Structures are given as C-alpha cells and as structure tokens.
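Shown next, in structure tokens, is the structure this report addresses.
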Amino acid sequence: NLSGDAYRRQHEITVTGAEVPPPFTSFESTGFPPEILREVQNAGFSAPTPIQAQSWPIALQSRDIVAIAKTGSGKTLGYLMPGFVHLKRTRNDPQMGPTVLVLSPTRELATQIQDEANKFGKSSRISCTCLYGGAPKGPQLREIERGVDIVVATPGRLNDILEMRKISLQQVSYLVLDEADRMLDMGFEPQIRKIVKEVPTRRQTLMYTATWPREVRKIAADLLVNPVQVNIGNCD
Ligand code: ADP
Ligand code: MG
C-alpha cells in the first residue's frame with residue numbers, strides 16, 4: 001500500500017511483523033462506530049496521531065502490539081478505541097468482572113486514563129473504574145461490585161484486591177500494559193506477573209512504552225504472543 005508507506009515515512013513509523021495493515025490516516029477510515037467518531041469530533045481532533053493511525057488497524061485484527069512512542073503522542077486513545085470495539089464485540093456481563101484491564105504506574109496517570117475512557121466511551125455507555133493505592137478500598141470495591149467494563153489499575157492496589165478475592169479477572173480478554181518501562185522502574189514487575197497469571201491466556205495484550213530496554217523486552221517476550229512492533233520517531 002503506497003500511501004500507507006508514504007504516511008509511515010512522513011511520520012517516522014517503523015513496523016516489525018508479518019503483513020502489518022496500513023495506517024488509518026483519517027478518523028473516517030477507521031470504521032469506528034458513529035457514536036465513538038462523534039466523541040472524537042466533539043473533542044475537536046482533526047486526525048489520528050501517528051501511533052493511533054498505525055496501532056488501530058493492528059489492534060482491530062486482535063493482534064498483540066508493542067508500541068514504542070514518546071509521551072504526549074496519544075497512546076491512551078491508541079489502546080482505548082480498539083478496546084471499545086472489543087467491548088462491543090464481546091458483550092460480557094460487567095458484573096462478572098472487567099473485560100478490559102489497563103495497568104498503569106501511578107494514581108495520577110490511571111485517573112487520566114479513566115477520564116479519557118469516560119469522555120470517549122460515554123455515548124457507547126462504557127463503564128470504567130480506577131483502582132489505586134493511597135485511598136480507601138471500600139469505594140473501589142463497591143465500584144467493582146456494581147460491575148464495570150474497564151478497570152484501570154496500579155499493580156500494587158489491584159494485587160491487594162486480587163488477594164482479597166474481591167475481583168475476578170477471568171473475563172479479561174484485552175490487557176494493556178501502559179508505560180511498561182516506568183512500571184518496571186518502579187519495581188512493579190512481581191505484581192504485574194501475579195496479576196497476569198489471573199488473566200486467561202486467550203487474550204489480546206498491548207504494551208505501550210517510551211523506551212525499549214532489556215527488562216521491557218523480556219517481559220514483552222513473556223507476556224505477548226507474536227506481537228507487531230510499532231516504533232514512532234527514533235524512540236527505541
Ligand atoms: P501519551 O499517553 O502518549 O503520553 P496521551 O494519550 O495522554 O499521550 O495524549 C496526549 C494528549 O493528546 C491528550 O490530551 C489527548 O486528549 C490528546 N490527543 C489524543 N489523540 C489526539 C488526536 N488524534 N488529535 C489531537 N489530540 C489528541
Ligand atoms: Mg500515556
């Protein structure tokens with residue numbers, strides 16, 4: 001696909017993997033449901049960012065992804081939009097546990113992701129909650145009990161709640177490790193591995209990271225299956 005190649009060159013996108021689909025260079029070409037596209041219009045966005053343009057078509061094929069791109073490149077919607085489509089396809093009962101799980105290093109980032117999920121998932125009636133430390137567990141547990149489609153969690157708090165057996169991850173089929181490099185820097189690797197053991201292996205896994213050091217490669221090799229790698233700019 002010539003125009004796809006031209007777009008990749010122009011935006012310094014490098015892809016590694018078999019038969020990687022061409023990027024979606026416009027919102028219209030994504031085929032996202034109209035209620036989702038409406039939210040994008042409301043936000044005043046004119047076009048997908050390069051990481052979105054390239055990761056959306058891959059994620060929509062239900063393939064695993066490692067995306068390496070710097071901060072501020074629009075990674076959140078890069079995984080949330082296909083996550084919304086995944087939710088529409090699976091139609092699980094949220095009372096049985098979340099279908100989409102996003103792991104994030106900090107409370108602040110987790111809250112930002114939840115805000116983005118609520119904003120862009122609102123008209124699709126997608127529900128999302130946040131689990132993080134430094135706050136009482138009670139209200140977080142009640143949210144889970146009420147039933148949510150998406151859980152955004154820091155590894156420490158989610159692991160605590162798992163040990164209390166207050167959440168089931170048996171329904172999770174779309175797992176995102178956001179800011180994977182930062183989570184490893186913060187020492188969350190043991191918690192991440194424990195959490196992932198509770199998630200069925202039949203799942204789609206997406207990893208987003210700003211850097212690509214040996215520790216991140218190792219956990220990617222352990223948790224992802226035949227991922228397509230997407231690099232933006234000279235990030236590696
Ligand atoms: P990252 O996770 O890569 O650091 P974010 O997902 O937090 O980046 O996005 C950074 C900002 O860009 C957010 O305010 C987000 O709403 C905005 N944004 C996301 N996608 C687009 C887009 N296609 N066009 C314009 N702004 C966007
Ligand atoms: Mg981010």
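As shown in the structure tokens, the chain order sets the letters A, B, ...; within each chain, residues go from 1, and ligands are also counted from 1 in the order they appear.
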
I need the residues of range 3-198 of chain A that end up classed as alpha helix (DSSP H) by DSSP on the backbone, written out as an NGL selection string. :A and (3-10 or 34-42 or 50-60 or 75-90 or 107-121 or 137-146 or 155-163 or 180-185 or 189-197)

Selection near Pro200 in chain A, 8 Å with only C-alpha atoms, sequence-local residues under 5 positions removed, as a ChimeraX atom specification: /A:169-173

Env. residues ligand 2 / 7 Å / only C-alpha atoms and all ligand atoms / as a PyMOL selection string: chain A and resi 71-72+75-76+178-179

Show me which residues sit within 7 Å of ligand 1 when counting only C-alpha atoms and all ligand atoms, and put them as a VMD selection string. chain A and resid 45 to 49 69 to 77

Just to be explicit: take each residue in the selection above, keep C-alpha atoms, and write the result as a PDB file, in the first residue's frame.
ATOM      1  CA  PHE A  45      -9.385  16.353  16.878  1.00  0.00           C
ATOM      2  CA  SER A  46      -8.601  16.641  13.171  1.00  0.00           C
ATOM      3  CA  ALA A  47      -6.708  13.393  12.515  1.00  0.00           C
ATOM      4  CA  PRO A  48      -5.327  10.341  14.332  1.00  0.00           C
ATOM      5  CA  THR A  49      -1.837  10.781  15.759  1.00  0.00           C
ATOM      6  CA  ALA A  69       6.438   6.148  21.360  1.00  0.00           C
ATOM      7  CA  LYS A  70       7.263   9.159  23.452  1.00  0.00           C
ATOM      8  CA  THR A  71       4.985  10.907  25.949  1.00  0.00           C
ATOM      9  CA  GLY A  72       2.237  13.065  24.505  1.00  0.00           C
ATOM     10  CA  SER A  73       1.843  11.033  21.311  1.00  0.00           C
ATOM     11  CA  GLY A  74      -1.749   9.962  22.000  1.00  0.00           C
ATOM     12  CA  LYS A  75      -1.111   6.436  23.228  1.00  0.00           C
ATOM     13  CA  THR A  76      -4.158   6.379  25.533  1.00  0.00           C
ATOM     14  CA  LEU A  77      -6.701   6.534  22.723  1.00  0.00           C
TER      15      LEU A  77
END

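Between CA of Leu175 in chain A and CA of Val196 in chain A there is a distance of 8.7 Å.
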